[in-house]
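Raw contents of coords11.cif, mmCIF, C-alpha atoms:
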data_structure
#
loop_
_atom_site.label_atom_id
_atom_site.label_comp_id
_atom_site.auth_asym_id
_atom_site.auth_seq_id
_atom_site.Cartn_x
_atom_site.Cartn_y
_atom_site.Cartn_z
CA MET A 1 0.00 0.00 0.00
CA ALA A 2 2.85 2.36 0.85
CA ALA A 3 4.51 1.62 -2.50
CA ASP A 4 1.21 2.20 -4.34
CA SER A 5 0.68 5.47 -2.47
CA SER A 6 4.19 6.67 -3.26
CA GLU A 7 3.75 5.77 -6.93
CA TYR A 8 0.37 7.53 -7.02
CA ILE A 9 1.79 10.73 -5.49
CA ALA A 10 4.87 10.68 -7.71
CA HIS A 11 2.74 10.17 -10.82
CA HIS A 12 0.51 13.13 -10.00
CA LEU A 13 3.50 15.37 -9.30
CA THR A 14 5.29 14.51 -12.56
CA ASN A 15 4.88 16.73 -15.61
CA TRP A 16 4.29 15.63 -19.18
CA THR A 17 7.82 16.37 -20.37
CA TYR A 18 9.38 16.57 -23.81
CA GLY A 19 13.09 17.11 -24.26
CA TYR A 20 16.50 15.85 -25.28
CA HIS A 21 17.61 12.73 -23.45
CA PRO A 22 21.41 12.08 -23.44
CA GLU A 23 20.91 8.47 -24.59
CA HIS A 24 17.62 8.45 -26.51
CA GLY A 25 17.57 11.88 -28.14
CA TRP A 26 14.43 14.01 -28.45
CA LYS A 27 11.45 12.25 -26.92
CA VAL A 28 8.63 12.38 -24.39
CA ALA A 29 9.85 11.26 -20.98
CA HIS A 30 8.32 7.99 -19.81
CA THR A 31 9.43 8.36 -16.20
CA ALA A 32 10.30 11.10 -13.76
CA GLN A 33 13.93 9.94 -13.93
CA GLU A 34 14.03 10.41 -17.70
CA ALA A 35 12.53 13.89 -17.30
CA ALA A 36 15.21 14.76 -14.74
CA GLU A 37 17.96 13.47 -17.04
CA MET A 38 16.79 15.85 -19.78
CA GLY A 39 17.75 18.82 -17.62
CA PHE A 40 17.32 22.24 -19.20
CA LYS A 41 16.73 20.76 -22.65
CA ALA A 42 13.14 19.96 -21.77
CA ILE A 43 9.74 21.59 -21.70
CA HIS A 44 6.68 20.74 -19.63
CA LEU A 45 4.02 20.28 -22.27
CA ASP A 46 1.12 20.14 -19.82
CA SER A 47 2.11 23.38 -18.09
CA MET A 48 2.44 25.16 -21.44
CA LEU A 49 -0.83 23.69 -22.73
CA TRP A 50 -2.91 24.71 -19.73
CA SER A 51 -1.29 28.09 -19.09
CA ILE A 52 -1.54 29.22 -22.72
CA GLY A 53 -5.01 27.72 -23.05
CA LEU A 54 -6.27 29.54 -19.96
CA GLY A 55 -4.64 32.76 -21.19
CA ILE A 56 -6.50 32.44 -24.51
CA PHE A 57 -9.73 31.67 -22.63
CA PHE A 58 -9.25 34.79 -20.49
CA CYS A 59 -8.74 37.00 -23.54
CA TRP A 60 -11.69 35.48 -25.38
CA LEU A 61 -14.01 35.75 -22.37
CA PHE A 62 -13.27 39.41 -21.66
CA TRP A 63 -13.35 40.30 -25.37
CA SER A 64 -16.66 38.51 -25.84
CA VAL A 65 -18.30 40.14 -22.83
CA GLY A 66 -16.87 43.56 -23.73
CA ARG A 67 -18.21 43.28 -27.28
CA LYS A 68 -21.71 42.46 -26.03
CA ALA A 69 -21.70 44.87 -23.09
CA THR A 70 -24.69 47.19 -22.81
CA SER A 71 -25.35 50.32 -20.77
CA GLY A 72 -28.64 48.86 -19.58
CA VAL A 73 -29.14 46.04 -17.11
CA PRO A 74 -25.97 43.92 -17.38
CA THR A 75 -25.92 40.15 -17.47
CA LYS A 76 -24.52 38.32 -14.45
CA LEU A 77 -21.28 37.58 -16.31
CA GLN A 78 -20.91 41.20 -17.40
CA ALA A 79 -21.57 42.38 -13.84
CA LEU A 80 -18.92 39.95 -12.52
CA ILE A 81 -16.31 41.12 -15.02
CA GLU A 82 -17.11 44.77 -14.33
CA LEU A 83 -16.67 44.04 -10.63
CA ILE A 84 -13.25 42.47 -11.28
CA VAL A 85 -12.17 45.36 -13.51
CA ASP A 86 -13.26 47.94 -10.91
CA PHE A 87 -11.49 46.04 -8.15
CA VAL A 88 -8.22 45.87 -10.10
CA ASP A 89 -8.54 49.50 -11.19
CA ASN A 90 -9.01 50.67 -7.60
CA SER A 91 -6.03 48.58 -6.49
CA VAL A 92 -3.86 50.19 -9.16
CA ARG A 93 -5.01 53.71 -8.27
CA GLU A 94 -4.15 53.15 -4.61
CA SER A 95 -0.77 51.46 -5.15
CA TYR A 96 0.74 52.87 -8.34
CA HIS A 97 1.86 56.49 -8.25
CA GLY A 98 3.04 56.88 -11.83
CA THR A 99 1.20 57.69 -15.06
CA SER A 100 1.77 54.57 -17.16
CA LYS A 101 -1.24 53.29 -19.10
CA LEU A 102 0.26 49.79 -19.08
CA ILE A 103 -0.20 49.10 -15.36
CA ALA A 104 -3.98 48.61 -15.19
CA PRO A 105 -4.19 46.14 -18.14
CA LEU A 106 -1.09 44.38 -16.83
CA ALA A 107 -2.55 44.06 -13.33
CA LEU A 108 -5.87 42.77 -14.71
CA THR A 109 -4.08 40.19 -16.85
CA ILE A 110 -1.92 38.99 -13.96
CA PHE A 111 -4.82 38.70 -11.52
CA VAL A 112 -7.28 36.90 -13.80
CA TRP A 113 -4.70 34.67 -15.50
CA ILE A 114 -3.16 33.47 -12.24
CA PHE A 115 -6.61 33.03 -10.70
CA LEU A 116 -7.67 30.80 -13.60
CA MET A 117 -4.48 28.75 -13.37
CA ASN A 118 -4.96 28.37 -9.61
CA LEU A 119 -8.62 27.52 -10.09
CA MET A 120 -7.65 24.31 -11.90
CA ASP A 121 -6.64 22.98 -8.49
CA LEU A 122 -10.35 22.58 -7.68
CA VAL A 123 -10.91 20.12 -10.54
CA PRO A 124 -11.15 16.56 -9.11
CA ILE A 125 -7.57 15.35 -8.83
CA ASP A 126 -7.98 12.20 -10.97
CA PHE A 127 -10.48 13.40 -13.57
CA ILE A 128 -8.29 14.92 -16.29
CA PRO A 129 -5.14 12.78 -15.65
CA SER A 130 -7.27 9.61 -15.87
CA THR A 131 -8.86 10.88 -19.08
CA ALA A 132 -5.40 11.58 -20.50
CA GLN A 133 -4.28 8.05 -19.58
CA TRP A 134 -7.38 6.59 -21.24
CA ILE A 135 -6.72 8.56 -24.44
CA GLY A 136 -3.05 7.54 -24.28
CA GLY A 137 -4.10 3.90 -23.95
CA LEU A 138 -6.30 4.20 -27.06
CA MET A 139 -3.28 5.57 -28.92
CA GLY A 140 -1.16 2.59 -27.90
CA HIS A 141 0.80 4.24 -25.09
CA ASP A 142 1.39 2.70 -21.68
CA PRO A 143 -1.06 4.54 -19.35
CA HIS A 144 1.57 4.51 -16.58
CA HIS A 145 3.80 6.67 -18.82
CA VAL A 146 1.10 9.29 -19.47
CA TYR A 147 1.39 12.34 -17.22
CA MET A 148 -0.85 15.38 -17.00
CA LYS A 149 -0.56 18.14 -14.39
CA ILE A 150 -3.35 20.65 -14.94
CA VAL A 151 -2.35 23.36 -12.43
CA PRO A 152 0.34 25.47 -14.15
CA SER A 153 1.02 27.50 -11.00
CA THR A 154 2.33 24.35 -9.29
CA ASP A 155 5.18 24.33 -11.82
CA PRO A 156 8.09 26.60 -10.77
CA ASN A 157 9.00 27.03 -14.45
CA ILE A 158 5.70 28.86 -14.97
CA THR A 159 5.71 30.94 -11.78
CA LEU A 160 9.38 31.91 -12.05
CA GLY A 161 8.93 32.62 -15.76
CA MET A 162 6.17 35.09 -14.93
CA ALA A 163 8.24 36.54 -12.10
CA PHE A 164 11.27 37.16 -14.32
CA CYS A 165 8.99 38.88 -16.83
CA VAL A 166 8.14 41.23 -13.95
CA LEU A 167 11.91 41.70 -13.46
CA LEU A 168 12.25 42.76 -17.10
CA LEU A 169 9.40 45.23 -16.59
CA ILE A 170 11.12 46.63 -13.49
CA ILE A 171 14.32 47.17 -15.48
CA GLY A 172 12.39 48.64 -18.40
CA PHE A 173 10.46 51.05 -16.18
CA GLY A 174 13.68 52.03 -14.42
CA LEU A 175 15.38 52.88 -17.70
CA LYS A 176 12.30 54.75 -18.93
CA TYR A 177 11.73 56.93 -15.88
CA LYS A 178 15.29 57.37 -14.62
CA GLY A 179 17.33 57.08 -17.78
CA VAL A 180 20.43 54.94 -18.13
CA GLY A 181 22.52 57.17 -15.83
CA GLY A 182 19.83 57.45 -13.17
CA PHE A 183 19.14 53.72 -13.27
CA ILE A 184 22.83 52.91 -12.83
CA ALA A 185 23.08 55.48 -10.04
CA GLU A 186 20.15 53.80 -8.31
CA PHE A 187 22.24 50.63 -8.03
CA THR A 188 25.63 52.13 -7.31
CA LEU A 189 25.04 55.14 -5.03
CA HIS A 190 22.53 53.58 -2.62
CA PRO A 191 22.07 52.57 0.16
CA PHE A 192 25.55 53.77 1.18
CA SER A 193 26.78 57.14 -0.03
CA ALA A 194 29.59 59.52 0.80
CA LYS A 195 30.75 62.99 -0.23
CA ASN A 196 34.37 61.90 -0.44
CA PRO A 197 34.98 60.71 -4.06
CA LEU A 198 37.47 58.04 -2.99
CA LEU A 199 35.14 56.62 -0.34
CA GLN A 200 32.25 56.78 -2.80
CA ALA A 201 34.26 54.78 -5.33
CA ILE A 202 34.94 52.15 -2.66
CA LEU A 203 31.24 51.94 -1.77
CA ILE A 204 30.03 51.58 -5.37
CA PRO A 205 30.82 47.81 -5.65
CA VAL A 206 29.19 47.20 -2.26
CA ASN A 207 26.05 49.08 -3.29
CA LEU A 208 25.97 47.29 -6.63
CA ILE A 209 26.08 43.87 -4.99
CA LEU A 210 23.43 44.73 -2.40
CA GLU A 211 21.03 46.35 -4.87
CA THR A 212 21.49 43.58 -7.44
CA VAL A 213 20.69 40.93 -4.84
CA THR A 214 17.63 42.93 -3.75
CA LEU A 215 16.47 43.31 -7.35
CA ILE A 216 16.82 39.61 -8.16
CA ALA A 217 15.27 38.54 -4.84
CA LYS A 218 12.01 40.32 -5.73
CA PRO A 219 11.00 38.12 -8.68
CA ILE A 220 12.41 34.96 -7.11
CA SER A 221 10.35 35.45 -3.94
CA LEU A 222 7.35 36.41 -6.08
CA GLY A 223 7.51 33.21 -8.11
CA LEU A 224 8.41 30.87 -5.25
CA ARG A 225 5.62 32.23 -3.05
CA LEU A 226 2.98 31.41 -5.66
CA PHE A 227 4.53 28.04 -6.47
CA GLY A 228 4.93 27.00 -2.82
CA ASN A 229 1.36 27.80 -1.80
CA MET A 230 -0.23 26.15 -4.83
CA TYR A 231 2.06 23.11 -4.70
CA ALA A 232 1.19 22.55 -1.04
CA GLY A 233 -2.51 22.87 -1.82
CA GLU A 234 -2.27 20.35 -4.65
CA LEU A 235 -0.32 17.93 -2.46
CA ILE A 236 -3.06 18.05 0.18
CA PHE A 237 -5.69 17.20 -2.46
CA ILE A 238 -3.53 14.25 -3.56
CA LEU A 239 -3.19 12.99 0.02
CA ILE A 240 -6.96 13.31 0.54
CA ALA A 241 -7.52 11.26 -2.64
CA LEU A 242 -5.56 8.38 -1.06
CA MET A 243 -8.05 8.08 1.80
CA PRO A 244 -11.26 6.01 1.83
CA PHE A 245 -14.06 7.42 -0.32
CA TRP A 246 -16.27 8.67 2.52
CA ILE A 247 -13.36 10.43 4.20
CA GLN A 248 -12.49 12.11 0.89
CA TRP A 249 -15.85 13.89 0.86
CA VAL A 250 -15.57 14.88 4.50
CA LEU A 251 -12.15 16.47 3.96
CA SER A 252 -12.11 17.58 0.33
CA VAL A 253 -15.19 19.81 0.44
CA PRO A 254 -14.04 21.99 3.39
CA TRP A 255 -10.51 22.14 1.99
CA ALA A 256 -11.82 23.13 -1.46
CA ILE A 257 -13.91 25.92 0.08
CA PHE A 258 -10.90 27.19 2.03
CA HIS A 259 -8.70 26.78 -1.05
CA ILE A 260 -10.91 29.20 -2.98
CA LEU A 261 -9.61 31.89 -0.64
CA VAL A 262 -6.03 30.70 -1.13
CA ILE A 263 -6.12 30.75 -4.95
CA THR A 264 -7.73 34.21 -4.95
CA LEU A 265 -5.31 35.58 -2.38
CA GLN A 266 -2.26 34.28 -4.26
CA ALA A 267 -3.41 35.92 -7.49
CA PHE A 268 -4.04 39.17 -5.60
CA VAL A 269 -0.63 39.09 -3.85
CA PHE A 270 1.24 38.49 -7.12
CA MET A 271 -0.66 41.36 -8.75
CA MET A 272 -0.19 43.80 -5.87
CA LEU A 273 3.53 43.13 -5.45
CA THR A 274 4.04 43.63 -9.18
CA ILE A 275 2.26 47.00 -8.97
CA VAL A 276 4.28 48.02 -5.91
CA TYR A 277 7.62 47.03 -7.47
CA LEU A 278 6.85 48.98 -10.65
CA SER A 279 5.61 51.94 -8.65
CA LEU A 280 8.81 52.06 -6.59
CA ILE A 281 11.10 51.93 -9.61
CA SER A 282 9.10 54.52 -11.57
CA GLN A 283 9.24 57.14 -8.83
CA THR A 284 11.86 59.83 -9.32
CA SER A 285 14.73 59.47 -6.86
CA GLU A 286 14.83 62.20 -4.25
CA HIS A 287 18.62 61.89 -3.86
#

Can you present the structure in this file as C-alpha cells?
Amino acid sequence: MAADSSEYIAHHLTNWTYGYHPEHGWKVAHTAQEAAEMGFKAIHLDSMLWSIGLGIFFCWLFWSVGRKATSGVPTKLQALIELIVDFVDNSVRESYHGTSKLIAPLALTIFVWIFLMNLMDLVPIDFIPSTAQWIGGLMGHDPHHVYMKIVPSTDPNITLGMAFCVLLLIIGFGLKYKGVGGFIAEFTLHPFSAKNPLLQAILIPVNLILETVTLIAKPISLGLRLFGNMYAGELIFILIALMPFWIQWVLSVPWAIFHILVITLQAFVFMMLTIVYLSLISQTSEH
C-alpha cells in the first residue's frame, strides 16, 4: 500500500515532459527519472498547454463580454467582469503612483490569469489525468507513462517565468523613468553614499552587490511564493484522494472551500507586489 501510495503521489506530481535525453535523443519522458535526465533541454508540455489555453480563454471571455456589453441592465457575467475590472482599477489607483497606461491592463491580466491557473486545483484530482491516460491507452501508449498536471502554477517554471517577466518590466520602467545614468546610479550610489569621491568609489561595488541581490530577490520570492502555496494545496488534495471514499468527501469539500480563498489571495498578492515594485522603480529618486 505504501509503495502504491508513493507511486500515485509521484505520478501526480510529474509533468508531461518533452526534451533531449542524453541516450535516446528528443522524446517524451516515460518516467520522472528520464525527465530529470533531460535537464534544461526539456519543456513541460502540460504546463504550457494549460497556461496558454487559460490565457487564450481569459482574452476570449473578456473580449466577448466587452463586445456584447450594454449600458442597460448587465448580465450576471458582465456584472462579474465589471466588478473584477473595478477592483483591479481601484487597487492600481491606490498602489501605483506613476502615469503609465500599461499598469492597469497588466494588473488585470496577472490577476485573472493566475486566478484561472490556480482555479484548476479545484478540478477533481484524478479526472483529467485519468482521461489523458485513457486517451493515451487508445493511442497505444502505456497509461503509466502518461502524465498530466493541470495546475500550471504548481510548476516553478511557470511561476518563475512570470516573475522574471516582472523583473524585465522593473528594469524597463527604471530605464524609462530614470534614464540609463539614473538607473545605474540607483544601483551604485545607494544605500551607502559619501561625499568623499574616494570613499564613494569604494562603496560603489558594495552598493551594486546589495542592490542587485535585492532586485533579483524580488522576482524569485514572487515566483516561489505562488509556487509554494499552490504546490502545497495540490499535495493536500492528492493525500486526501488516497483516503477512503467517505473520508475524501468529508475532507475535500471543506478544503476546497478554504482553497478558494487561497487561490484568490495568491493571485491578488502576485498582482499587488508587481504593482508596488513597478511603482517604486518609476518614482523619481529624491537623492

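In this comparison, which uses only C-alpha atoms, the residue of A:Leu45, A:Leu61, A:Ala241, A:Ile103 approaching Leu116 (chain A) most closely is A:Leu61.
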
Name the residues captured by the PyMOL selection byres ((chain A and resi 30) around 9) when it is applied to the shown file; answer as a PyMOL selection string. chain A and resi 16-17+27-29+31-35+142+144-147

At a cut-off of 8 Å, using only C-alpha atoms, what residues contact Ile263 (chain A)? Leave out same-chain residues fewer than 6 positions from it and give the result as an NGL selection string. :A and (115 or 118-119 or 230)

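All residues of protein, DNA or RNA that reach within 8 Å of region 2-11 of chain A, judged by all atoms listed in the file and not counting those fewer than 2 positions away in the chain, are Leu13, Thr14, Tyr147, Ile238, Leu239 and Leu242 of chain A.
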
Interatomic distance (Å, one decimal) between CA of Thr109 (chain A) and CA of Phe58 (chain A): 8.3 Å

Compute the distance from (13.6, 32.5, -11.2) to each atom, counting all atoms listed in the file, keep the residues with any atom at most 8 Å away, and return them as a PDB file with C-alpha atoms, in the frame of the given file; use the coordinates of the file.
ATOM      1  CA  ASN A 157       9.000  27.030 -14.450  1.00  0.00           C
ATOM      2  CA  LEU A 160       9.380  31.910 -12.050  1.00  0.00           C
ATOM      3  CA  GLY A 161       8.930  32.620 -15.760  1.00  0.00           C
ATOM      4  CA  ALA A 163       8.240  36.540 -12.100  1.00  0.00           C
ATOM      5  CA  PHE A 164      11.270  37.160 -14.320  1.00  0.00           C
ATOM      6  CA  PRO A 219      11.000  38.120  -8.680  1.00  0.00           C
ATOM      7  CA  ILE A 220      12.410  34.960  -7.110  1.00  0.00           C
ATOM      8  CA  GLY A 223       7.510  33.210  -8.110  1.00  0.00           C
TER       9      GLY A 223
END

For Val166 (chain A), work out the shell of residues within 12 Å, counting all atoms listed in the file and skipping chain neighbours fewer than 2 positions away, then give it as number ranges by chain. A: 103, 106-107, 110, 159-164, 168-173, 215-223, 270-278, 281

Around (-0.4, 24.1, -10.3), as given in the file, which residues come within 10 Å? Count all atoms listed in the file and list them as an MDAnalysis selection string. chainID A and resid 13 47 50:51 114 117:121 149:156 158:159 226:235

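Excluding Leu108 (chain A) itself and same-chain residues fewer than 6 positions from it, the residues having an atom within 9 Å of it are Ile84, Val85, Val88, Asp89 and Met271 of chain A, counting only C-alpha atoms.
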
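Closest to Met148 (chain A) among A:Ile125, A:Ala185, A:Cys59, A:Leu167 is A:Ile125, based on only C-alpha atoms.
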
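What separates CA of Arg93 (chain A) from CA of Ser282 (chain A) is a distance of 14.5 Å.
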
Applying the PyMOL selection byres ((chain A and resi 178) around 12) to the file I just gave you, which residues come out? Please list them as a list in words. Ile170, Ile171, Gly172, Phe173, Gly174, Leu175, Lys176, Tyr177, Gly179, Val180, Gly181, Gly182, Phe183, Ile184, Ala185, Glu186, Phe187, Leu280, Ile281, Ser282, Gln283, Thr284, Ser285 and Glu286 of chain A

Could you list the residues chosen by the PyMOL selection byres ((chain A and resi 65) around 10) in this structure as a VMD selection string? chain A and resid 60 to 64 66 to 70 75 77 to 79 81 to 82

Grab the CA of His44 (chain A) to CA of Tyr18 (chain A) distance for me, in Å with one decimal place. 6.5 Å

Need to verify the contact set: Gly39 (chain A), 9 Å, all atoms listed in the file, exclusion of same-chain residues closer than 3 positions in sequence. Can you return it as a PyMOL selection string? chain A and resi 19-21+35-36+42
